[in-house]
Amino acid sequence: MKFIEHCDSNRILLAIFPTHASHTLQPLDVAIFSPLSNAYTKQLDDFINDSQVFTRLTKRDFFRLFRASWNEVFTSKNINSAFKHTGLYSFNPEIVIQKFSKKIASRPLSSLPSEQDGGALFMIPTKVQQARGIISQKNDEAVQEQARKDDKKLRQQLAKQAKEAEKIERARIQQEKREQREQEAAEKQRLKNEQELAKLAYLQVQKDVISTPKASKRPTKASFHASAAKSAS
C-alpha cells in the first residue's frame with residue numbers, strides 16, 4: 001500500500017491497533033467520548049426543558065449545544081488523562097497489558113466495559129427520546145392543523161368564486177332583460193310614429209278634398225294611400 005510505503009520510506013513507525021481493541025488503546029474512546037456524550041445529553045435536556053418541547057432542534061442549535069459540550073470535555077486535564085490511561089504518555093505498556101490479561105470468566109457475560117476498563121458508554125437519555133416523540137407528535141399535529149386551514153381556505157375561495165359567478169350571471173340576465181325592454185320600447189315607438197304619420201296623411205287628404213269644390217267624388221282608398229306615401233316622403 002502507498003501509505004505503508006510512504007511511512008517506510010520516511011522512517012515512520014506505523015502502529016496498528018489490534019482488532020476490537022480501540023476502546024482500550026485509543027485515547028478518545030477511553031476518556032473523551034463518554035464524557036462528551038454525557039455533556040451533550042445534558043445540553044439536550046436543558047434545551048428541551050427551556051423550550052418546553054415547543055422548539056425544534058435546528059442545525060444552528062446543534063452546533064451551539066455541541067460546541068458547549070466540546071469546550072467542557074476537551075480540556076487539558078481530560079486529554080492528559082486519556083493519554084495516561086492508554087499508556088502513551090508517560091509511556092507505560094503495563095496499563096494496557098493488565099487490561100487484556102484480566103480473565104474473561106471474572107466478568108459477567110452481560111456486563112459492558114466501564115470507563116475504568118476503557119469503555120465509552122453512549123447512553124441514550126430517556127428524556128431526549130420522549131422529547132423527540134413529543135416533538136414528532138407536535139409536528140404531526142401542526143401538519144394536520146395546517147391541512148385543515150388550507151382546506152378551509154380553499155372552501156372559502158371556492159364559495160367566493162361561486163358567489164362571484166352567480167353575481168355575474170344575474171347581471172348578464174338583467175342586462176339581457178333591459179336590452180329586450182329597450183328593443184320592445186323602440187318597436188312600439190316605431191309603430192306609434194307610423195300610425196301618427198298615417199293619421200296625418202289621412203287628414204291631409206281630407207283637407208285637400210275639402211279645399212277642392214269641383215271634386216264630386218270622395219277620395220278612394222288608393223288615392224288615400226298614395227297621399228300618405230307622398231306625405232311620408
# chains A, B, ... in the order shown; residues from 1 in each chain; ligands from 1
$ residues_around --residues "stretch 57-71 of chain A" --least-positions-apart "5" --cutoff "9 Å" --atoms "only C-alpha atoms" --output "PyMOL selection string"
chain A and resi 35-44+47-48
$ write_last_selection --atoms "N, CA and C atoms" --output "compact mmCIF listing (two decimals), in the first residue's frame"
# COMPACT_ATOMS: atom_id res chain seq x y z
N PRO A 35 -17.49 11.14 28.29
CA PRO A 35 -17.87 12.44 28.87
C PRO A 35 -18.51 13.38 27.86
N LEU A 36 -18.06 13.31 26.60
CA LEU A 36 -18.65 14.16 25.57
C LEU A 36 -20.11 13.79 25.34
N SER A 37 -20.39 12.48 25.32
CA SER A 37 -21.77 12.03 25.15
C SER A 37 -22.64 12.49 26.31
N ASN A 38 -22.12 12.38 27.53
CA ASN A 38 -22.88 12.81 28.71
C ASN A 38 -23.11 14.32 28.70
N ALA A 39 -22.08 15.07 28.31
CA ALA A 39 -22.21 16.53 28.29
C ALA A 39 -23.23 16.97 27.24
N TYR A 40 -23.18 16.33 26.08
CA TYR A 40 -24.13 16.71 25.02
C TYR A 40 -25.56 16.32 25.41
N THR A 41 -25.70 15.17 26.09
CA THR A 41 -27.02 14.77 26.57
C THR A 41 -27.58 15.79 27.55
N LYS A 42 -26.72 16.29 28.43
CA LYS A 42 -27.16 17.31 29.39
C LYS A 42 -27.57 18.59 28.67
N GLN A 43 -26.82 18.97 27.64
CA GLN A 43 -27.18 20.16 26.86
C GLN A 43 -28.54 19.97 26.19
N LEU A 44 -28.80 18.77 25.67
CA LEU A 44 -30.09 18.50 25.04
C LEU A 44 -31.23 18.58 26.05
N PHE A 47 -31.88 22.16 26.87
CA PHE A 47 -32.53 22.83 25.74
C PHE A 47 -34.02 22.48 25.68
N ILE A 48 -34.33 21.20 25.89
CA ILE A 48 -35.72 20.75 25.82
C ILE A 48 -36.53 21.33 26.98
$ residues_around --residues "A:Ile32" --least-positions-apart "4" --cutoff "10 Å" --atoms "only C-alpha atoms" --output "list in words"
Gln26, Pro27, Leu28, Leu36, Ser37, Trp70, Val73, Phe74, Thr75, Asn78, Ile79, Ser81, Ala82 and Ala120 of chain A
$ write_last_selection --atoms "C-alpha atoms" --output "mmCIF file, in the first residue's frame"
data_model
loop_
_atom_site.group_PDB
_atom_site.id
_atom_site.type_symbol
_atom_site.label_atom_id
_atom_site.label_comp_id
_atom_site.auth_asym_id
_atom_site.auth_seq_id
_atom_site.Cartn_x
_atom_site.Cartn_y
_atom_site.Cartn_z
ATOM 1 C CA GLN A 26 -7.427 4.850 21.665
ATOM 2 C CA PRO A 27 -7.363 7.918 23.951
ATOM 3 C CA LEU A 28 -10.615 9.354 22.574
ATOM 4 C CA LEU A 36 -18.653 14.158 25.567
ATOM 5 C CA SER A 37 -21.768 12.034 25.151
ATOM 6 C CA TRP A 70 -16.883 20.130 23.286
ATOM 7 C CA VAL A 73 -14.883 17.980 27.744
ATOM 8 C CA PHE A 74 -11.818 18.771 25.638
ATOM 9 C CA THR A 75 -9.713 20.162 28.463
ATOM 10 C CA ASN A 78 -9.099 15.098 30.222
ATOM 11 C CA ILE A 79 -6.669 14.888 27.304
ATOM 12 C CA SER A 81 -5.844 11.540 31.409
ATOM 13 C CA ALA A 82 -6.710 9.879 28.086
ATOM 14 C CA ALA A 120 -17.003 4.527 26.090
#
